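Heads up, run_17.cif below (mmCIF, C-alpha atoms):
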```
data_final
loop_
_atom_site.label_atom_id
_atom_site.label_comp_id
_atom_site.auth_asym_id
_atom_site.auth_seq_id
_atom_site.Cartn_x
_atom_site.Cartn_y
_atom_site.Cartn_z
CA MET A 1 -10.86 -33.11 -32.84
CA ARG A 2 -12.73 -35.33 -35.26
CA THR A 3 -15.98 -36.67 -33.85
CA LEU A 4 -18.57 -39.04 -35.21
CA GLY A 5 -21.52 -37.25 -33.72
CA ASP A 6 -21.21 -34.05 -35.70
CA SER A 7 -23.11 -35.17 -38.79
CA GLY A 8 -24.01 -38.14 -40.93
CA LYS A 9 -21.49 -37.06 -43.59
CA LEU A 10 -18.54 -38.60 -41.79
CA LEU A 11 -20.30 -41.93 -41.53
CA LYS A 12 -21.09 -41.98 -45.26
CA SER A 13 -17.74 -40.73 -46.49
CA THR A 14 -15.52 -42.98 -44.38
CA SER A 15 -17.10 -46.32 -45.23
CA PRO A 16 -15.51 -48.11 -48.23
CA HIS A 17 -18.00 -50.97 -48.00
CA SER A 18 -21.75 -51.25 -47.81
CA ASP A 19 -23.56 -50.63 -44.53
CA LYS A 20 -26.82 -51.88 -46.01
CA GLY A 21 -29.45 -52.60 -43.39
CA LEU A 22 -27.58 -51.14 -40.43
CA TRP A 23 -29.66 -48.87 -38.19
CA PRO A 24 -33.08 -49.44 -39.80
CA PRO A 25 -35.83 -46.78 -39.44
CA ARG A 26 -37.25 -46.68 -35.91
CA LYS A 27 -40.87 -46.49 -34.87
CA PHE A 28 -40.31 -45.89 -31.19
CA SER A 29 -38.32 -43.90 -28.66
CA PRO A 30 -34.53 -44.43 -28.73
CA PHE A 31 -34.54 -44.73 -24.95
CA PRO A 32 -35.35 -48.05 -23.26
CA GLN A 33 -38.68 -48.70 -21.57
CA GLY A 34 -39.97 -45.22 -22.38
CA SER A 35 -37.46 -43.56 -20.05
CA ARG A 36 -36.42 -39.96 -20.57
CA VAL A 37 -32.96 -38.50 -20.19
CA GLN A 38 -32.29 -34.78 -20.32
CA LEU A 39 -29.90 -33.77 -23.10
CA GLU A 40 -27.53 -31.92 -20.84
CA THR A 41 -23.78 -31.57 -21.16
CA SER A 42 -23.28 -33.44 -17.90
CA SER A 43 -25.04 -36.47 -19.41
CA MET A 44 -22.90 -36.60 -22.55
CA CYS A 45 -19.36 -37.75 -23.10
CA PHE A 46 -17.03 -38.69 -25.93
CA CYS A 47 -15.51 -42.17 -26.19
CA ALA A 48 -12.51 -43.02 -28.36
CA LEU A 49 -13.65 -45.31 -31.16
CA TYR A 50 -10.21 -46.83 -31.75
CA ARG A 51 -7.34 -47.64 -29.42
CA ASP A 52 -4.74 -46.31 -31.86
CA GLU A 53 -6.64 -43.27 -33.18
CA PRO A 54 -7.85 -41.39 -30.08
CA GLN A 55 -8.81 -38.36 -32.16
CA GLN A 56 -11.81 -40.27 -33.55
CA LYS A 57 -14.53 -40.17 -30.93
CA ILE A 58 -18.18 -41.10 -30.65
CA LEU A 59 -20.75 -39.15 -28.62
CA VAL A 60 -22.74 -41.12 -26.05
CA LEU A 61 -25.52 -40.25 -23.62
CA VAL A 62 -25.24 -41.67 -20.11
CA HIS A 63 -27.86 -42.07 -17.42
CA PRO A 64 -27.59 -39.11 -14.97
CA GLN A 65 -27.90 -41.41 -11.93
CA SER A 66 -25.44 -43.98 -13.30
CA THR A 67 -22.77 -42.48 -15.49
CA LYS A 68 -21.43 -45.92 -16.44
CA THR A 69 -24.77 -46.78 -18.06
CA VAL A 70 -24.88 -45.67 -21.70
CA VAL A 71 -28.47 -45.21 -22.91
CA ALA A 72 -27.92 -43.85 -26.43
CA VAL A 73 -25.32 -43.04 -29.08
CA TYR A 74 -25.41 -40.12 -31.51
CA LEU A 75 -25.20 -41.26 -35.15
CA LYS A 76 -26.53 -39.88 -38.43
CA GLU A 77 -27.81 -36.71 -36.72
CA SER A 78 -29.97 -38.66 -34.28
CA TRP A 79 -29.82 -40.47 -30.93
CA TRP A 80 -29.99 -44.26 -31.14
CA SER A 81 -30.51 -46.76 -28.34
CA ILE A 82 -27.88 -49.46 -27.95
CA GLU A 83 -30.29 -52.18 -29.08
CA ASP A 84 -31.20 -50.21 -32.22
CA ILE A 85 -27.56 -49.85 -33.23
CA LEU A 86 -27.08 -53.61 -32.97
CA ARG A 87 -30.06 -54.37 -35.24
CA THR A 88 -30.08 -54.80 -39.00
CA SER A 89 -32.86 -55.02 -41.57
CA ASP A 90 -30.56 -56.84 -44.02
CA SER A 91 -31.59 -60.49 -43.98
CA THR A 92 -28.25 -61.53 -45.50
CA ARG A 93 -26.44 -60.55 -42.31
CA GLU A 94 -26.50 -63.90 -40.56
CA GLY A 95 -23.75 -65.88 -38.88
CA LEU A 96 -20.13 -64.78 -38.53
CA LEU A 97 -19.24 -61.97 -40.93
CA LYS A 98 -15.95 -60.13 -41.26
CA VAL A 99 -15.90 -56.50 -40.12
CA GLN A 100 -15.24 -54.40 -43.21
CA SER A 101 -17.31 -51.22 -43.25
CA PHE A 102 -17.20 -48.19 -40.98
CA GLY A 103 -20.71 -48.96 -39.73
CA GLU A 104 -19.59 -52.45 -38.75
CA ARG A 105 -16.66 -50.91 -36.87
CA ILE A 106 -19.19 -48.94 -34.83
CA VAL A 107 -21.20 -52.10 -34.11
CA LEU A 108 -17.98 -53.81 -32.98
CA PHE A 109 -17.22 -50.85 -30.71
CA ILE A 110 -20.72 -50.93 -29.20
CA LEU A 111 -20.50 -54.66 -28.47
CA ASN A 112 -16.99 -54.42 -27.06
CA VAL A 113 -16.80 -51.16 -25.13
CA ILE A 114 -20.43 -50.40 -24.25
CA VAL A 115 -22.36 -53.69 -24.08
CA PHE A 116 -19.60 -55.74 -22.51
CA GLY A 117 -17.56 -52.97 -20.91
CA ARG A 118 -20.43 -51.01 -19.35
CA LEU A 119 -23.73 -52.88 -19.52
CA GLU A 120 -23.21 -56.65 -19.20
CA ARG A 121 -19.89 -57.05 -17.42
CA ASN A 122 -20.26 -58.35 -13.90
CA VAL A 123 -17.55 -56.46 -12.05
CA LYS A 124 -17.53 -59.01 -9.22
CA GLU A 125 -17.06 -61.95 -11.60
CA ASP A 126 -15.19 -60.43 -14.54
CA ASP A 127 -11.74 -59.28 -13.46
CA MET A 128 -11.05 -57.88 -16.91
CA PHE A 129 -12.13 -55.54 -19.64
CA PHE A 130 -11.32 -55.00 -23.31
CA LEU A 131 -9.72 -51.87 -24.68
CA PRO A 132 -11.21 -50.48 -27.91
CA HIS A 133 -9.91 -52.38 -30.92
CA SER A 134 -7.49 -50.74 -33.31
CA ALA A 135 -8.76 -49.12 -36.50
CA ARG A 136 -7.47 -52.05 -38.55
CA GLU A 137 -8.27 -54.86 -36.13
CA GLN A 138 -9.30 -58.08 -37.84
CA ALA A 139 -12.63 -59.15 -36.38
CA LYS A 140 -15.88 -60.93 -37.12
CA ILE A 141 -19.33 -60.08 -35.78
CA LEU A 142 -21.85 -62.82 -35.01
CA TRP A 143 -25.30 -61.92 -36.38
CA ARG A 144 -28.44 -63.81 -35.44
CA ASP A 145 -32.09 -63.02 -36.21
CA GLY A 146 -31.36 -59.47 -37.29
CA ALA A 147 -29.06 -58.47 -34.44
CA ALA A 148 -25.36 -58.46 -33.59
CA ILE A 149 -24.88 -60.74 -30.57
CA GLY A 150 -21.14 -61.31 -30.34
CA PHE A 151 -17.71 -61.02 -31.92
CA TYR A 152 -14.17 -62.26 -31.91
CA SER A 153 -10.97 -60.51 -32.97
CA THR A 154 -7.74 -61.88 -34.38
CA LYS A 155 -4.10 -60.82 -34.29
CA MET A 156 -2.81 -61.65 -37.74
CA LYS A 157 0.46 -63.44 -38.36
CA GLY A 158 3.14 -60.82 -39.00
CA SER A 159 1.20 -57.96 -37.38
CA LEU A 160 3.09 -55.89 -34.83
CA CYS A 161 2.54 -56.38 -31.13
CA ALA A 162 1.15 -53.50 -29.10
CA ASP A 163 4.07 -53.46 -26.64
CA SER A 164 6.31 -51.12 -28.69
CA THR A 165 9.00 -53.79 -29.08
CA GLY A 166 8.71 -53.86 -32.87
CA MET A 167 8.15 -57.62 -32.76
CA GLY A 168 5.39 -59.29 -34.72
CA TYR A 169 3.09 -62.24 -34.15
CA VAL A 170 4.51 -65.46 -35.58
CA LEU A 171 1.12 -67.16 -35.78
CA PRO A 172 -2.55 -66.08 -35.96
CA VAL A 173 -3.97 -65.43 -32.48
CA PHE A 174 -7.58 -65.59 -31.26
CA ASP A 175 -7.47 -62.48 -29.11
CA THR A 176 -10.78 -61.15 -27.73
CA ALA A 177 -14.27 -62.61 -27.85
CA PHE A 178 -17.69 -61.91 -26.42
CA ILE A 179 -21.21 -63.38 -26.57
CA ARG A 180 -24.13 -61.46 -25.09
CA ARG A 181 -25.46 -62.96 -21.87
CA LYS A 182 -28.88 -63.98 -23.18
CA HIS A 183 -27.25 -65.98 -25.99
CA ARG A 184 -24.77 -67.96 -23.90
CA HIS A 185 -24.85 -71.70 -23.16
CA GLN A 186 -25.90 -72.43 -26.75
CA GLY A 187 -22.55 -73.56 -28.16
CA LEU A 188 -21.80 -70.19 -29.77
CA GLY A 189 -18.43 -69.86 -28.07
CA THR A 190 -17.41 -73.16 -29.66
CA SER A 191 -18.64 -71.91 -33.04
CA LEU A 192 -16.34 -68.87 -32.78
CA LEU A 193 -13.35 -71.10 -32.09
CA ARG A 194 -14.31 -73.46 -34.91
CA ASP A 195 -14.56 -70.55 -37.34
CA PHE A 196 -11.14 -69.30 -36.26
CA CYS A 197 -9.58 -72.72 -36.92
CA ASP A 198 -11.35 -73.09 -40.26
CA THR A 199 -10.19 -69.62 -41.34
CA PHE A 200 -6.54 -70.58 -40.90
CA GLN A 201 -6.60 -74.18 -42.12
CA GLU A 202 -3.15 -73.88 -43.71
CA GLU A 203 -1.43 -72.86 -40.47
CA GLU A 204 0.33 -75.56 -38.45
CA ALA A 205 -0.16 -73.69 -35.16
CA LEU A 206 -2.78 -71.24 -33.87
CA GLY A 207 -2.74 -69.17 -30.71
CA LEU A 208 -5.19 -67.99 -28.06
CA SER A 209 -4.17 -64.91 -26.10
CA CYS A 210 -2.77 -65.58 -22.66
CA PRO A 211 -4.20 -65.87 -20.11
CA ILE A 212 -7.33 -67.82 -20.98
CA SER A 213 -10.34 -67.36 -18.72
CA PRO A 214 -11.96 -70.37 -16.97
CA ALA A 215 -15.02 -69.96 -19.22
CA MET A 216 -12.90 -70.06 -22.36
CA SER A 217 -11.01 -73.05 -21.00
CA GLN A 218 -14.31 -74.94 -20.93
CA VAL A 219 -15.05 -73.84 -24.49
CA CYS A 220 -11.63 -75.12 -25.57
CA ARG A 221 -12.20 -78.42 -23.78
CA ARG A 222 -15.55 -79.00 -25.51
CA PHE A 223 -14.12 -77.99 -28.87
CA LEU A 224 -11.05 -80.23 -28.63
CA LEU A 225 -13.11 -83.19 -27.45
CA ALA A 226 -15.27 -82.81 -30.54
CA CYS A 227 -12.34 -82.01 -32.89
CA PRO A 228 -9.33 -84.11 -31.84
CA GLU A 229 -7.52 -83.16 -35.06
CA GLU A 230 -7.10 -79.63 -33.67
CA ARG A 231 -5.42 -80.67 -30.40
CA GLY A 232 -1.90 -80.21 -31.69
CA ARG A 233 -2.63 -76.82 -33.29
CA LEU A 234 -4.04 -74.72 -30.44
CA TRP A 235 -1.63 -72.98 -28.07
CA GLU A 236 -2.01 -70.44 -25.31
CA VAL A 237 0.49 -67.72 -26.25
CA GLU A 238 1.96 -64.53 -24.93
CA SER A 239 2.80 -61.99 -27.62
CA PRO A 240 4.68 -62.28 -29.86
CA GLY A 241 4.27 -66.05 -29.52
CA PRO A 242 7.59 -67.80 -30.14
CA GLY A 243 7.99 -71.39 -28.99
CA GLY A 244 9.15 -70.46 -25.50
CA HIS A 245 5.94 -68.53 -24.87
CA ARG A 246 3.46 -71.27 -25.75
CA VAL A 247 1.49 -73.83 -23.77
CA ASN A 248 -0.48 -76.51 -25.59
CA ILE A 249 -4.13 -76.05 -24.65
CA TRP A 250 -5.06 -79.74 -24.86
CA LEU A 251 -2.15 -80.58 -22.54
CA ARG A 252 -3.42 -77.98 -20.07
CA VAL A 253 -6.91 -79.51 -20.22
CA GLN A 254 -5.51 -82.96 -19.46
CA LEU A 255 -3.41 -81.67 -16.57
CA ARG A 256 -6.41 -79.98 -15.00
CA GLU A 257 -8.61 -83.04 -15.36
CA ALA A 258 -5.85 -85.16 -13.79
CA GLU A 259 -5.69 -82.61 -10.94
CA LEU A 260 -1.97 -82.13 -11.48
CA PRO A 261 -0.22 -78.85 -10.65
CA ASP A 262 -0.96 -76.46 -13.46
CA TYR A 263 0.49 -73.19 -14.57
CA ALA A 264 0.09 -69.89 -12.75
CA GLU A 265 -3.42 -68.56 -12.26
CA PRO A 266 -4.47 -66.08 -14.97
CA ARG A 267 -3.53 -62.48 -14.24
CA GLN A 268 -6.24 -61.12 -16.54
CA GLN A 269 -9.09 -62.80 -18.32
CA ARG A 270 -9.24 -62.00 -22.02
CA LEU A 271 -12.32 -63.84 -23.23
CA ASN A 272 -15.92 -63.76 -22.01
CA ILE A 273 -18.18 -66.01 -24.03
CA SER A 274 -19.35 -68.90 -21.85
#
```

For this file, produce the structure as structure tokens.
Amino acid sequence: MRTLGDSGKLLKSTSPHSDKGLWPPRKFSPFPQGSRVQLETSSMCFCALYRDEPQQKILVLVHPQSTKTVVAVYLKESWWSIEDILRTSDSTREGLLKVQSFGERIVLFILNVIVFGRLERNVKEDDMFFLPHSAREQAKILWRDGAAIGFYSTKMKGSLCADSTGMGYVLPVFDTAFIRRKHRHQGLGTSLLRDFCDTFQEEEALGLSCPISPAMSQVCRRFLLACPEERGRLWEVESPGPGGHRVNIWLRVQLREAELPDYAEPRQQRLNIS
């Protein structure tokens, strides 16, 4: 089994791009608020880094009284708190940046699986969770003031669906997205959607993974009110996204505001960025 906690060599050898500034030197304890956690086997577990490569795992330390609470991750022969992993000392990391390096893949995993999946997801409100992304998932991380605060991932046109049918996506799809709780209600969800549309300016149609959460529906409404030229391009799609599996998002917004019967209630929320 190949693990990422064995040494720093794997981290250095796997990354084809620069991880400059990630995981800057620390001057304090890796554990939050001065807490101490015994390094016992019962408090450690391995998590699969990628959905499609389960042999690659990362070692995490959980709180002994709450095993769903991850307090540290083992990287570069040391334990790092979650907040430390999400920091950078590279001042050029600002705004939405494409995930390219191995270190950025780890940051994406921490935001997706640990921060959202274990630390910030309200089980009573969020009837959903995200699986780890694939090793080649197209994604962008949102950096602000030296920290990673969100992300969105994209299913590329022509890429194969994950349902083993051998069918591919016929249009780019905005798939998963997340903004940390303390950074919400600042228009950042809209900025993710705007970046997605700008990235694929040449495409006549763009998709958002079905079903869309109520929070994301509000983001779409605000975005389409501000950018009417995009109203004909955005569709709620089920993979692989042919015409019979699409619903125009602006039409859905209008139907809801007119209080007309809409489509079936979402079975699973895919986006959490309000």

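Here CA of Val247 in chain A is placed at a distance of 26.9 Å from CA of Pro132 in chain A.
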
Explicit residue set for the PyMOL selection byres ((chain A and resi 57-64) around 7), as JSON, numbers by chain = {"A": [2, 3, 4, 5, 37, 43, 44, 45, 46, 47, 48, 49, 54, 55, 56, 65, 66, 67, 68, 69, 70, 71, 72, 73, 74]}

Computed gap from CA of Arg144 in chain A to CA of Gly95 in chain A is 6.2 Å

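In this comparison, which uses all atoms listed in the file, the residue of A:Ser91, A:Leu225, A:Gly150, A:Ile82 approaching Arg118 in chain A most closely is A:Ile82.
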
So which residues get picked by the PyMOL selection byres ((chain A and resi 199) around 12) here, written as a PDB file with C-alpha atoms, in the frame of the given file?
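Generated file (expr_20.pdb):
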```
ATOM      1  CA  LEU A  96     -20.130 -64.780 -38.530  1.00  0.00           C
ATOM      2  CA  LEU A  97     -19.240 -61.970 -40.930  1.00  0.00           C
ATOM      3  CA  LYS A  98     -15.950 -60.130 -41.260  1.00  0.00           C
ATOM      4  CA  ALA A 139     -12.630 -59.150 -36.380  1.00  0.00           C
ATOM      5  CA  LYS A 140     -15.880 -60.930 -37.120  1.00  0.00           C
ATOM      6  CA  THR A 154      -7.740 -61.880 -34.380  1.00  0.00           C
ATOM      7  CA  MET A 156      -2.810 -61.650 -37.740  1.00  0.00           C
ATOM      8  CA  PRO A 172      -2.550 -66.080 -35.960  1.00  0.00           C
ATOM      9  CA  VAL A 173      -3.970 -65.430 -32.480  1.00  0.00           C
ATOM     10  CA  PHE A 174      -7.580 -65.590 -31.260  1.00  0.00           C
ATOM     11  CA  LEU A 192     -16.340 -68.870 -32.780  1.00  0.00           C
ATOM     12  CA  LEU A 193     -13.350 -71.100 -32.090  1.00  0.00           C
ATOM     13  CA  ARG A 194     -14.310 -73.460 -34.910  1.00  0.00           C
ATOM     14  CA  ASP A 195     -14.560 -70.550 -37.340  1.00  0.00           C
ATOM     15  CA  PHE A 196     -11.140 -69.300 -36.260  1.00  0.00           C
ATOM     16  CA  CYS A 197      -9.580 -72.720 -36.920  1.00  0.00           C
ATOM     17  CA  ASP A 198     -11.350 -73.090 -40.260  1.00  0.00           C
ATOM     18  CA  PHE A 200      -6.540 -70.580 -40.900  1.00  0.00           C
ATOM     19  CA  GLN A 201      -6.600 -74.180 -42.120  1.00  0.00           C
ATOM     20  CA  GLU A 202      -3.150 -73.880 -43.710  1.00  0.00           C
ATOM     21  CA  GLU A 203      -1.430 -72.860 -40.470  1.00  0.00           C
ATOM     22  CA  LEU A 206      -2.780 -71.240 -33.870  1.00  0.00           C
TER      23      LEU A 206
END
```

With the PyMOL selection byres ((chain A and resi 232) around 8) as the selection, what would be picked from this file? Answer as a JSON list (two decimals) with C-alpha atoms, in the frame of the given file, please.
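For reference, expr-v1.json as written:
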```
[["chain", "number", "residue", "atom", "x", "y", "z"],
["A", 205, "ALA", "CA", -0.16, -73.69, -35.16],
["A", 229, "GLU", "CA", -7.52, -83.16, -35.06],
["A", 230, "GLU", "CA", -7.10, -79.63, -33.67],
["A", 231, "ARG", "CA", -5.42, -80.67, -30.40],
["A", 233, "ARG", "CA", -2.63, -76.82, -33.29],
["A", 234, "LEU", "CA", -4.04, -74.72, -30.44],
["A", 248, "ASN", "CA", -0.48, -76.51, -25.59],
["A", 250, "TRP", "CA", -5.06, -79.74, -24.86]]
```

Write out as a PyMOL selection string the residues lying within 10 Å of Arg136 in chain A, counting all atoms listed in the file and excluding same-chain residues fewer than 3 positions away.
-> chain A and resi 50+52+99-100+105+133+139

Scan for residues within 7 Å of the point (-25.5, -56.5, -36.0) in the coordinates of the file, using all atoms listed in the file, and reply as a PyMOL selection string.
-> chain A and resi 86-88+107+143+146-149

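The two atoms in question, CA of Leu255 in chain A and CA of Leu188 in chain A, are spaced 25.4 Å apart.
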
May I ask which of the residues A:Ser89, A:Ser134, A:Gln186, A:Thr176 is the closest one to Ile212 in chain A, counting all atoms listed in the file?
-> A:Thr176

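Of the listed residues A:Leu131, A:Leu171, A:Cys220, A:Leu142, the one whose atoms come nearest to Val237 in chain A is A:Leu171, with distances taken using only C-alpha atoms.
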
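For Gly158 in chain A, the residues within 7 Å (counting all atoms listed in the file, excluding itself and residues fewer than 2 positions away along the chain) are Met156, Leu160, Gly168, Tyr169 and Val170 of chain A.
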
Please, could all heavy atoms be added to range 88-99 of chain A and the result written as a PDB file, in the frame of the given file?
```pdb
ATOM      1  N   THR A  88     -30.213 -54.972 -37.568  1.00  0.00           N
ATOM      2  CA  THR A  88     -30.080 -54.800 -39.000  1.00  0.00           C
ATOM      3  C   THR A  88     -31.361 -55.265 -39.682  1.00  0.00           C
ATOM      4  O   THR A  88     -32.022 -56.198 -39.216  1.00  0.00           O
ATOM      5  CB  THR A  88     -28.888 -55.588 -39.565  1.00  0.00           C
ATOM      6  OG1 THR A  88     -28.832 -55.404 -40.980  1.00  0.00           O
ATOM      7  CG2 THR A  88     -29.014 -57.082 -39.277  1.00  0.00           C
ATOM      8  N   SER A  89     -31.702 -54.598 -40.779  1.00  0.00           N
ATOM      9  CA  SER A  89     -32.860 -55.020 -41.570  1.00  0.00           C
ATOM     10  C   SER A  89     -32.412 -55.840 -42.778  1.00  0.00           C
ATOM     11  O   SER A  89     -33.243 -56.264 -43.584  1.00  0.00           O
ATOM     12  CB  SER A  89     -33.648 -53.798 -42.046  1.00  0.00           C
ATOM     13  OG  SER A  89     -32.837 -52.952 -42.863  1.00  0.00           O
ATOM     14  N   ASP A  90     -31.118 -56.070 -42.903  1.00  0.00           N
ATOM     15  CA  ASP A  90     -30.560 -56.840 -44.020  1.00  0.00           C
ATOM     16  C   ASP A  90     -30.575 -58.318 -43.657  1.00  0.00           C
ATOM     17  O   ASP A  90     -29.798 -58.769 -42.815  1.00  0.00           O
ATOM     18  CB  ASP A  90     -29.135 -56.359 -44.304  1.00  0.00           C
ATOM     19  CG  ASP A  90     -28.506 -57.079 -45.486  1.00  0.00           C
ATOM     20  OD1 ASP A  90     -29.201 -57.905 -46.115  1.00  0.00           O
ATOM     21  OD2 ASP A  90     -27.327 -56.824 -45.776  1.00  0.00           O
ATOM     22  N   SER A  91     -31.427 -59.064 -44.313  1.00  0.00           N
ATOM     23  CA  SER A  91     -31.590 -60.490 -43.980  1.00  0.00           C
ATOM     24  C   SER A  91     -30.353 -61.317 -44.332  1.00  0.00           C
ATOM     25  O   SER A  91     -30.219 -62.457 -43.868  1.00  0.00           O
ATOM     26  CB  SER A  91     -32.806 -61.059 -44.709  1.00  0.00           C
ATOM     27  OG  SER A  91     -32.654 -60.933 -46.121  1.00  0.00           O
ATOM     28  N   THR A  92     -29.453 -60.769 -45.144  1.00  0.00           N
ATOM     29  CA  THR A  92     -28.250 -61.530 -45.500  1.00  0.00           C
ATOM     30  C   THR A  92     -27.186 -61.464 -44.409  1.00  0.00           C
ATOM     31  O   THR A  92     -26.203 -62.198 -44.472  1.00  0.00           O
ATOM     32  CB  THR A  92     -27.643 -61.000 -46.815  1.00  0.00           C
ATOM     33  OG1 THR A  92     -27.195 -59.649 -46.628  1.00  0.00           O
ATOM     34  CG2 THR A  92     -28.665 -61.045 -47.936  1.00  0.00           C
ATOM     35  N   ARG A  93     -27.379 -60.578 -43.438  1.00  0.00           N
ATOM     36  CA  ARG A  93     -26.440 -60.550 -42.310  1.00  0.00           C
ATOM     37  C   ARG A  93     -26.842 -61.641 -41.325  1.00  0.00           C
ATOM     38  O   ARG A  93     -27.713 -61.471 -40.489  1.00  0.00           O
ATOM     39  CB  ARG A  93     -26.477 -59.180 -41.618  1.00  0.00           C
ATOM     40  CG  ARG A  93     -25.863 -58.043 -42.412  1.00  0.00           C
ATOM     41  CD  ARG A  93     -25.860 -56.768 -41.588  1.00  0.00           C
ATOM     42  NE  ARG A  93     -25.516 -55.605 -42.382  1.00  0.00           N
ATOM     43  CZ  ARG A  93     -24.276 -55.175 -42.605  1.00  0.00           C
ATOM     44  NH1 ARG A  93     -23.265 -55.829 -42.054  1.00  0.00           N
ATOM     45  NH2 ARG A  93     -24.051 -54.120 -43.351  1.00  0.00           N
ATOM     46  N   GLU A  94     -26.194 -62.753 -41.415  1.00  0.00           N
ATOM     47  CA  GLU A  94     -26.500 -63.900 -40.560  1.00  0.00           C
ATOM     48  C   GLU A  94     -25.231 -64.718 -40.387  1.00  0.00           C
ATOM     49  O   GLU A  94     -24.487 -64.960 -41.344  1.00  0.00           O
ATOM     50  CB  GLU A  94     -27.603 -64.766 -41.172  1.00  0.00           C
ATOM     51  CG  GLU A  94     -28.109 -65.883 -40.254  1.00  0.00           C
ATOM     52  CD  GLU A  94     -28.906 -65.367 -39.053  1.00  0.00           C
ATOM     53  OE1 GLU A  94     -29.404 -64.228 -39.103  1.00  0.00           O
ATOM     54  OE2 GLU A  94     -29.032 -66.131 -38.063  1.00  0.00           O
ATOM     55  N   GLY A  95     -24.952 -65.120 -39.157  1.00  0.00           N
ATOM     56  CA  GLY A  95     -23.750 -65.880 -38.880  1.00  0.00           C
ATOM     57  C   GLY A  95     -22.556 -64.969 -38.659  1.00  0.00           C
ATOM     58  O   GLY A  95     -22.692 -63.772 -38.399  1.00  0.00           O
ATOM     59  N   LEU A  96     -21.368 -65.536 -38.752  1.00  0.00           N
ATOM     60  CA  LEU A  96     -20.130 -64.780 -38.530  1.00  0.00           C
ATOM     61  C   LEU A  96     -19.704 -64.081 -39.815  1.00  0.00           C
ATOM     62  O   LEU A  96     -19.447 -64.730 -40.829  1.00  0.00           O
ATOM     63  CB  LEU A  96     -19.029 -65.716 -38.053  1.00  0.00           C
ATOM     64  CG  LEU A  96     -19.044 -66.055 -36.566  1.00  0.00           C
ATOM     65  CD1 LEU A  96     -18.196 -67.280 -36.282  1.00  0.00           C
ATOM     66  CD2 LEU A  96     -18.565 -64.861 -35.734  1.00  0.00           C
ATOM     67  N   LEU A  97     -19.617 -62.760 -39.759  1.00  0.00           N
ATOM     68  CA  LEU A  97     -19.240 -61.970 -40.930  1.00  0.00           C
ATOM     69  C   LEU A  97     -18.076 -61.057 -40.574  1.00  0.00           C
ATOM     70  O   LEU A  97     -18.070 -60.424 -39.512  1.00  0.00           O
ATOM     71  CB  LEU A  97     -20.425 -61.140 -41.423  1.00  0.00           C
ATOM     72  CG  LEU A  97     -21.659 -61.927 -41.879  1.00  0.00           C
ATOM     73  CD1 LEU A  97     -22.772 -60.975 -42.278  1.00  0.00           C
ATOM     74  CD2 LEU A  97     -21.318 -62.858 -43.032  1.00  0.00           C
ATOM     75  N   LYS A  98     -17.135 -60.959 -41.474  1.00  0.00           N
ATOM     76  CA  LYS A  98     -15.950 -60.130 -41.260  1.00  0.00           C
ATOM     77  C   LYS A  98     -16.318 -58.654 -41.180  1.00  0.00           C
ATOM     78  O   LYS A  98     -17.144 -58.164 -41.940  1.00  0.00           O
ATOM     79  CB  LYS A  98     -14.951 -60.365 -42.390  1.00  0.00           C
ATOM     80  CG  LYS A  98     -13.619 -59.668 -42.198  1.00  0.00           C
ATOM     81  CD  LYS A  98     -12.661 -60.008 -43.334  1.00  0.00           C
ATOM     82  CE  LYS A  98     -11.324 -59.309 -43.154  1.00  0.00           C
ATOM     83  NZ  LYS A  98     -10.375 -59.650 -44.252  1.00  0.00           N
ATOM     84  N   VAL A  99     -15.703 -57.949 -40.251  1.00  0.00           N
ATOM     85  CA  VAL A  99     -15.900 -56.500 -40.120  1.00  0.00           C
ATOM     86  C   VAL A  99     -15.135 -55.815 -41.241  1.00  0.00           C
ATOM     87  O   VAL A  99     -13.917 -55.954 -41.351  1.00  0.00           O
ATOM     88  CB  VAL A  99     -15.404 -56.010 -38.750  1.00  0.00           C
ATOM     89  CG1 VAL A  99     -15.445 -54.476 -38.683  1.00  0.00           C
ATOM     90  CG2 VAL A  99     -16.241 -56.611 -37.635  1.00  0.00           C
TER      91      VAL A  99
END
```
